[in-house]
$ cat final_2.pdb   # PDB, C-alpha atoms
ATOM      1  CA  MET A1061       0.000   0.000   0.000
ATOM      2  CA  MET A1062       1.449   3.369  -1.009
ATOM      3  CA  PHE A1063       0.697   6.365   1.150
ATOM      4  CA  THR A1064       0.895  10.115   0.670
ATOM      5  CA  PRO A1065       0.620  12.203   3.861
ATOM      6  CA  LEU A1066      -2.818  13.616   4.628
ATOM      7  CA  GLN A1067      -3.275  17.326   5.310
ATOM      8  CA  THR A1068      -6.036  18.798   7.460
ATOM      9  CA  GLU A1069      -6.556  22.401   8.453
ATOM     10  CA  ARG A1070      -3.942  22.214  11.227
ATOM     11  CA  LEU A1071      -2.340  18.783  10.944
ATOM     12  CA  THR A1072      -0.246  16.516   8.771
ATOM     13  CA  LEU A1073      -0.842  12.771   9.142
ATOM     14  CA  ARG A1074       2.278  10.966   7.982
ATOM     15  CA  LEU A1075       4.062   7.652   8.279
ATOM     16  CA  HIS A1076       6.140   7.117  11.395
ATOM     17  CA  ALA A1077       9.918   6.875  11.061
ATOM     18  CA  PRO A1078      12.676   5.733  13.436
ATOM     19  CA  SER A1079      13.637   9.420  13.776
ATOM     20  CA  ASP A1080      10.287   9.934  15.595
ATOM     21  CA  ILE A1081      11.363   7.857  18.603
ATOM     22  CA  PRO A1082      12.848  10.730  20.680
ATOM     23  CA  ALA A1083       9.647  12.801  20.273
ATOM     24  CA  LEU A1084       7.380   9.758  20.573
ATOM     25  CA  MET A1085       8.743   8.468  23.893
ATOM     26  CA  PRO A1086       7.649  11.282  26.254
ATOM     27  CA  LEU A1087       4.250  11.602  24.546
ATOM     28  CA  ILE A1088       3.127   8.004  24.221
ATOM     29  CA  GLY A1089       5.069   7.042  27.350
ATOM     30  CA  ALA A1090       2.964   9.210  29.664
ATOM     31  CA  ARG A1091       0.929   7.302  32.249
ATOM     32  CA  GLU A1092      -2.143   9.404  31.369
ATOM     33  CA  VAL A1093      -1.985   8.318  27.720
ATOM     34  CA  ALA A1094      -1.634   4.634  28.561
ATOM     35  CA  ALA A1095      -4.510   4.887  31.051
ATOM     36  CA  THR A1096      -6.919   6.112  28.359
ATOM     37  CA  THR A1097      -6.014   3.647  25.606
ATOM     38  CA  LEU A1098      -6.680  -0.017  24.976
ATOM     39  CA  ARG A1099      -3.274  -1.127  23.685
ATOM     40  CA  ILE A1100      -0.503   1.245  24.812
ATOM     41  CA  PRO A1101       1.616  -0.322  27.576
ATOM     42  CA  TYR A1102       2.991   1.492  30.595
ATOM     43  CA  PRO A1103       5.802   1.937  31.151
ATOM     44  CA  TYR A1104       6.529   2.435  27.462
ATOM     45  CA  THR A1105      10.126   1.559  26.616
ATOM     46  CA  GLU A1106      12.394   2.445  23.727
ATOM     47  CA  ALA A1107      12.115  -1.199  22.637
ATOM     48  CA  ASP A1108       8.309  -0.729  22.541
ATOM     49  CA  ALA A1109       8.813   2.323  20.321
ATOM     50  CA  GLN A1110      11.179   0.466  17.987
ATOM     51  CA  ASP A1111       8.742  -2.463  17.735
ATOM     52  CA  PHE A1112       5.889  -0.026  17.095
ATOM     53  CA  ILE A1113       7.727   1.717  14.238
ATOM     54  CA  ALA A1114       8.727  -1.621  12.691
ATOM     55  CA  GLY A1115       5.155  -2.890  13.054
ATOM     56  CA  THR A1116       3.727   0.149  11.278
ATOM     57  CA  GLN A1117       6.002  -0.499   8.297
ATOM     58  CA  GLU A1118       5.041  -4.183   8.179
ATOM     59  CA  GLU A1119       1.301  -3.437   8.422
ATOM     60  CA  LEU A1120       1.562  -0.933   5.577
ATOM     61  CA  LEU A1121       3.374  -3.448   3.356
ATOM     62  CA  ASN A1122       0.824  -6.177   4.173
ATOM     63  CA  GLY A1123      -2.152  -3.865   3.610
ATOM     64  CA  CYS A1124      -3.575  -4.663   7.042
ATOM     65  CA  GLY A1125      -2.971  -1.364   8.750
ATOM     66  CA  LEU A1126      -2.077   2.249   8.495
ATOM     67  CA  ARG A1127      -0.747   3.951  11.634
ATOM     68  CA  LEU A1128       0.302   7.558  11.251
ATOM     69  CA  GLY A1129       1.970  10.249  13.281
ATOM     70  CA  ILE A1130      -0.108  13.356  13.919
ATOM     71  CA  VAL A1131       2.041  16.442  13.351
ATOM     72  CA  VAL A1132       0.988  20.015  14.153
ATOM     73  CA  ARG A1133       1.750  21.786  10.878
ATOM     74  CA  GLU A1134       2.437  25.207  12.389
ATOM     75  CA  SER A1135       5.285  23.916  14.586
ATOM     76  CA  ASP A1136       6.127  20.654  12.741
ATOM     77  CA  THR A1137       5.714  18.898  16.111
ATOM     78  CA  LEU A1138       4.581  15.321  16.638
ATOM     79  CA  CYS A1139       1.551  15.392  18.968
ATOM     80  CA  GLY A1140       0.004  11.928  18.680
ATOM     81  CA  GLY A1141      -0.966   9.036  16.470
ATOM     82  CA  VAL A1142      -3.952   7.777  14.519
ATOM     83  CA  GLY A1143      -4.526   4.603  12.583
ATOM     84  CA  LEU A1144      -6.701   1.990  10.985
ATOM     85  CA  ARG A1145      -6.333  -1.745  11.612
ATOM     86  CA  VAL A1146      -7.709  -3.014   8.318
ATOM     87  CA  GLU A1147      -9.497  -6.303   7.701
ATOM     88  CA  PRO A1148      -9.506  -6.315   3.872
ATOM     89  CA  ASP A1149     -11.642  -9.468   3.541
ATOM     90  CA  HIS A1150     -14.511  -7.707   5.294
ATOM     91  CA  ARG A1151     -13.753  -4.182   4.014
ATOM     92  CA  ARG A1152     -13.716  -2.864   7.563
ATOM     93  CA  ALA A1153     -11.193  -1.286   9.908
ATOM     94  CA  GLU A1154     -10.794  -0.359  13.533
ATOM     95  CA  LEU A1155      -9.936   3.284  14.181
ATOM     96  CA  GLY A1156      -7.515   4.109  16.956
ATOM     97  CA  TYR A1157      -5.850   7.314  18.106
ATOM     98  CA  TRP A1158      -3.940   8.888  20.959
ATOM     99  CA  ILE A1159      -2.794  12.412  21.735
ATOM    100  CA  GLY A1160       0.118  13.463  23.961
ATOM    101  CA  VAL A1161      -0.988  15.156  27.193
ATOM    102  CA  PRO A1162       0.376  18.647  26.287
ATOM    103  CA  TYR A1163      -1.943  18.598  23.252
ATOM    104  CA  TRP A1164      -5.158  17.450  24.952
ATOM    105  CA  GLY A1165      -8.242  19.617  24.558
ATOM    106  CA  LYS A1166      -7.225  21.234  21.269
ATOM    107  CA  GLY A1167      -9.420  19.170  18.932
ATOM    108  CA  TYR A1168      -6.495  17.348  17.314
ATOM    109  CA  ALA A1169      -7.914  13.862  17.950
ATOM    110  CA  ALA A1170     -11.210  14.643  16.210
ATOM    111  CA  GLU A1171      -9.466  16.407  13.324
ATOM    112  CA  ALA A1172      -7.092  13.477  12.754
ATOM    113  CA  ALA A1173      -9.781  10.813  13.260
ATOM    114  CA  ARG A1174     -12.109  12.552  10.800
ATOM    115  CA  ALA A1175      -9.338  12.589   8.171
ATOM    116  CA  MET A1176      -8.575   8.882   8.736
ATOM    117  CA  VAL A1177     -12.241   7.924   8.435
ATOM    118  CA  LYS A1178     -12.531   9.885   5.204
ATOM    119  CA  TYR A1179      -9.366   8.205   3.870
ATOM    120  CA  GLY A1180     -10.681   4.786   4.892
ATOM    121  CA  PHE A1181     -13.977   5.201   3.108
ATOM    122  CA  GLU A1182     -12.834   7.160   0.051
ATOM    123  CA  THR A1183      -9.369   5.749  -0.665
ATOM    124  CA  LEU A1184      -9.426   2.292   0.900
ATOM    125  CA  GLN A1185     -13.057   1.750  -0.124
ATOM    126  CA  LEU A1186     -13.972   0.381   3.303
ATOM    127  CA  HIS A1187     -17.578  -0.432   4.083
ATOM    128  CA  ARG A1188     -17.353  -0.044   7.864
ATOM    129  CA  ILE A1189     -15.086   1.672  10.400
ATOM    130  CA  PHE A1190     -15.480   1.036  14.116
ATOM    131  CA  ALA A1191     -13.809   2.067  17.355
ATOM    132  CA  SER A1192     -14.050   1.384  21.048
ATOM    133  CA  HIS A1193     -13.139   3.259  24.184
ATOM    134  CA  ILE A1194     -12.860   2.521  27.880
ATOM    135  CA  VAL A1195     -16.102   3.567  29.577
ATOM    136  CA  SER A1196     -14.293   6.110  31.761
ATOM    137  CA  ASN A1197     -12.718   7.844  28.728
ATOM    138  CA  SER A1198     -15.390  10.476  28.072
ATOM    139  CA  ALA A1199     -13.002  12.523  25.886
ATOM    140  CA  SER A1200     -12.723   9.635  23.428
ATOM    141  CA  ALA A1201     -16.491   9.188  23.462
ATOM    142  CA  ARG A1202     -16.856  12.859  22.465
ATOM    143  CA  VAL A1203     -14.321  12.448  19.635
ATOM    144  CA  LEU A1204     -16.227   9.494  18.187
ATOM    145  CA  ARG A1205     -19.541  11.367  18.358
ATOM    146  CA  LYS A1206     -17.957  14.447  16.731
ATOM    147  CA  ILE A1207     -16.802  12.419  13.737
ATOM    148  CA  GLY A1208     -20.218  10.840  13.260
ATOM    149  CA  MET A1209     -19.856   7.424  14.837
ATOM    150  CA  ARG A1210     -22.881   5.840  16.472
ATOM    151  CA  HIS A1211     -22.891   4.025  19.793
ATOM    152  CA  GLU A1212     -23.436   0.336  19.038
ATOM    153  CA  GLY A1213     -23.153  -1.314  22.424
ATOM    154  CA  SER A1214     -21.118  -2.149  25.482
ATOM    155  CA  GLN A1215     -18.819  -5.024  26.302
ATOM    156  CA  ARG A1216     -18.524  -5.744  30.001
ATOM    157  CA  GLY A1217     -15.123  -6.736  31.367
ATOM    158  CA  HIS A1218     -13.761  -6.829  27.813
ATOM    159  CA  ILE A1219     -10.152  -5.813  28.444
ATOM    160  CA  LEU A1220      -7.676  -6.456  31.211
ATOM    161  CA  LYS A1221      -5.673  -3.334  32.000
ATOM    162  CA  ARG A1222      -3.294  -3.137  34.964
ATOM    163  CA  GLY A1223      -4.921  -6.153  36.595
ATOM    164  CA  GLU A1224      -8.476  -4.825  36.271
ATOM    165  CA  PHE A1225     -11.168  -5.917  33.820
ATOM    166  CA  LEU A1226     -12.677  -2.853  32.165
ATOM    167  CA  ASP A1227     -15.876  -2.268  30.234
ATOM    168  CA  ILE A1228     -15.696  -0.718  26.790
ATOM    169  CA  GLU A1229     -18.163   1.098  24.571
ATOM    170  CA  MET A1230     -18.365   0.203  20.873
ATOM    171  CA  CYS A1231     -19.055   2.739  18.134
ATOM    172  CA  GLY A1232     -19.138   2.476  14.370
ATOM    173  CA  MET A1233     -20.201   3.886  11.058
ATOM    174  CA  LEU A1234     -20.768   2.750   7.502
ATOM    175  CA  ALA A1235     -19.570   4.422   4.330
ATOM    176  CA  SER A1236     -23.190   5.325   3.638
ATOM    177  CA  ASP A1237     -23.233   7.374   6.889
ATOM    178  CA  MET A1238     -20.710   9.853   5.468
TER     179      MET A1238
END
$ encode --input "final_2.pdb" --output "structure tokens"
Amino acid sequence: MMFTPLQTERLTLRLHAPSDIPALMPLIGAREVAATTLRIPYPYTEADAQDFIAGTQEELLNGCGLRLGIVVRESDTLCGGVGLRVEPDHRRAELGYWIGVPYWGKGYAAEAARAMVKYGFETLQLHRIFASHIVSNSASARVLRKIGMRHEGSQRGHILKRGEFLDIEMCGMLASDM
């Protein structure tokens, strides 16, 4: 899968590179970020970052995922990540995103997520995009509503995070919802 960076009003969504690791570590490595996400470990090590970057390259080559860095265009600063875990056989993908704590509350997650959803439906020709969030993550719930996703249900005790089973909320949308 070839990819050209996406531009939004304030952001560039681009492929991650090994040179991102120094900027990535303090952002994705924050306890607050890990606490609000389903898959980011804490503590987050440099080996985790290296594996992440390598995994993004492999997913792109295999056509099963597209994980991008979110860069604030004005300052050319990495502020988070957004991606699609693609299931080509079903023409669907799971949307995921995270934003570094210094950039919370600025609308970057919604802006990046909206661009990824548009890319998924228009360029990848997906039929469905879905996402989930931990029940306590009301900020993520707001992002998903802002981009037009519908609440589709709850899954009790669905993930184990730091020794505790947590409930998640499921959201989704179809290409015809755009």
$ closest_atom_pairs --input "final_2.pdb" --of "stretch 1100-1166 of chain A" --to "stretch 1212-1236 of chain A" --cutoff "12 Å" --atoms "all atoms listed in the file" --output "Markdown table"
| residue | atom | partner | partner_atom | distance |
| --- | --- | --- | --- | --- |
| A:Ile1100 | CA | A:Lys1221 | CA | 10.0 |
| A:Pro1101 | CA | A:Lys1221 | CA | 9.0 |
| A:Tyr1102 | CA | A:Arg1222 | CA | 8.9 |
| A:Pro1103 | CA | A:Arg1222 | CA | 11.1 |
| A:Arg1151 | CA | A:Ala1235 | CA | 10.4 |
| A:Arg1152 | CA | A:Leu1234 | CA | 9.0 |
| A:Ala1153 | CA | A:Gly1232 | CA | 9.9 |
| A:Glu1154 | CA | A:Gly1232 | CA | 8.9 |
| A:Leu1155 | CA | A:Gly1232 | CA | 9.2 |
| A:Gly1156 | CA | A:Cys1231 | CA | 11.7 |
$ resolve_selection --input "final_2.pdb" --expression "the PyMOL selection byres ((chain A and resi 1064) around 12)" --output "NGL selection string"
:A and (1061-1063 or 1065-1067 or 1072-1075 or 1126 or 1128 or 1179 or 1183)
$ closest_residue --input "final_2.pdb" --among "A:Ser1135, A:Ser1200, A:Thr1116, A:Thr1105" --to "A:Trp1164" --atoms "only C-alpha atoms"
A:Ser1200
$ closest_residue --input "final_2.pdb" --among "A:Ile1081, A:Val1146, A:Leu1120, A:Val1132" --to "A:Asp1108" --atoms "only C-alpha atoms"
A:Ile1081
$ resolve_selection --input "final_2.pdb" --expression "the PyMOL selection byres ((chain A and resi 1078) around 9)" --output "mmCIF file with C-alpha atoms, keeping the file's coordinate frame"
data_model
loop_
_atom_site.group_PDB
_atom_site.id
_atom_site.type_symbol
_atom_site.label_atom_id
_atom_site.label_comp_id
_atom_site.auth_asym_id
_atom_site.auth_seq_id
_atom_site.Cartn_x
_atom_site.Cartn_y
_atom_site.Cartn_z
ATOM 1 C CA HIS A 1076 6.140 7.117 11.395
ATOM 2 C CA ALA A 1077 9.918 6.875 11.061
ATOM 3 C CA SER A 1079 13.637 9.420 13.776
ATOM 4 C CA ASP A 1080 10.287 9.934 15.595
ATOM 5 C CA ILE A 1081 11.363 7.857 18.603
ATOM 6 C CA PRO A 1082 12.848 10.730 20.680
ATOM 7 C CA ALA A 1109 8.813 2.323 20.321
ATOM 8 C CA GLN A 1110 11.179 0.466 17.987
ATOM 9 C CA ILE A 1113 7.727 1.717 14.238
ATOM 10 C CA ALA A 1114 8.727 -1.621 12.691
#
$ closest_residue --input "final_2.pdb" --among "A:Trp1158, A:Thr1137, A:Gly1129, A:Met1238" --to "A:His1193" --atoms "all atoms listed in the file"
A:Trp1158
$ resolve_selection --input "final_2.pdb" --expression "the PyMOL selection byres ((chain A and resi 1148) around 12)" --output "VMD selection string"
chain A and resid 1122 to 1125 1144 to 1147 1149 to 1154 1180 1184 to 1189
$ atom_distance --input "final_2.pdb" --atom1 "atom CA of A:Ser1192" --atom2 "atom CA of A:Gln1117"
23.8 Å
$ atom_distance --input "final_2.pdb" --atom1 "atom CA of A:Leu1138" --atom2 "atom CA of A:Leu1084"
7.4 Å
$ closest_residue --input "final_2.pdb" --among "A:Ile1194, A:Val1177, A:Met1085, A:Ala1172" --to "A:Met1209" --atoms "only C-alpha atoms"
A:Val1177
$ closest_residue --input "final_2.pdb" --among "A:Ile1207, A:Val1195, A:Ala1083, A:Ala1094" --to "A:Lys1178" --atoms "all atoms listed in the file"
A:Ile1207
$ residues_around --input "final_2.pdb" --residues "A:Ala1170" --least-positions-apart "4" --cutoff "10 Å" --atoms "only C-alpha atoms" --output "mmCIF file with C-alpha atoms, in the frame of the given file"
data_model
loop_
_atom_site.group_PDB
_atom_site.id
_atom_site.type_symbol
_atom_site.label_atom_id
_atom_site.label_comp_id
_atom_site.auth_asym_id
_atom_site.auth_seq_id
_atom_site.Cartn_x
_atom_site.Cartn_y
_atom_site.Cartn_z
ATOM 1 C CA TYR A 1157 -5.850 7.314 18.106
ATOM 2 C CA LYS A 1166 -7.225 21.234 21.269
ATOM 3 C CA ARG A 1174 -12.109 12.552 10.800
ATOM 4 C CA ALA A 1175 -9.338 12.589 8.171
ATOM 5 C CA MET A 1176 -8.575 8.882 8.736
ATOM 6 C CA SER A 1200 -12.723 9.635 23.428
ATOM 7 C CA ARG A 1202 -16.856 12.859 22.465
ATOM 8 C CA VAL A 1203 -14.321 12.448 19.635
ATOM 9 C CA LEU A 1204 -16.227 9.494 18.187
ATOM 10 C CA ARG A 1205 -19.541 11.367 18.358
ATOM 11 C CA LYS A 1206 -17.957 14.447 16.731
ATOM 12 C CA ILE A 1207 -16.802 12.419 13.737
#
$ atom_distance --input "final_2.pdb" --atom1 "atom CA of A:Phe1181" --atom2 "atom CA of A:Ser1196"
28.7 Å
$ closest_residue --input "final_2.pdb" --among "A:Glu1134, A:Asp1111, A:Val1161, A:Glu1069" --to "A:Gly1089" --atoms "only C-alpha atoms"
A:Val1161
$ axis_aligned_box --input "final_2.pdb" --around "stretch 1139-1143 of chain A" --padding-each-side "5 Å" --output "lines of an AutoDock Vina configuration file"
center_x = -1.5
center_y = 10.0
center_z = 15.8
size_x = 16.1
size_y = 20.8
size_z = 16.4
$ residues_around --input "final_2.pdb" --residues "A:Cys1139" --least-positions-apart "3" --cutoff "6 Å" --atoms "all atoms listed in the file" --output "list in words"
Ile1130, Val1131, Ile1159 and Gly1160 of chain A
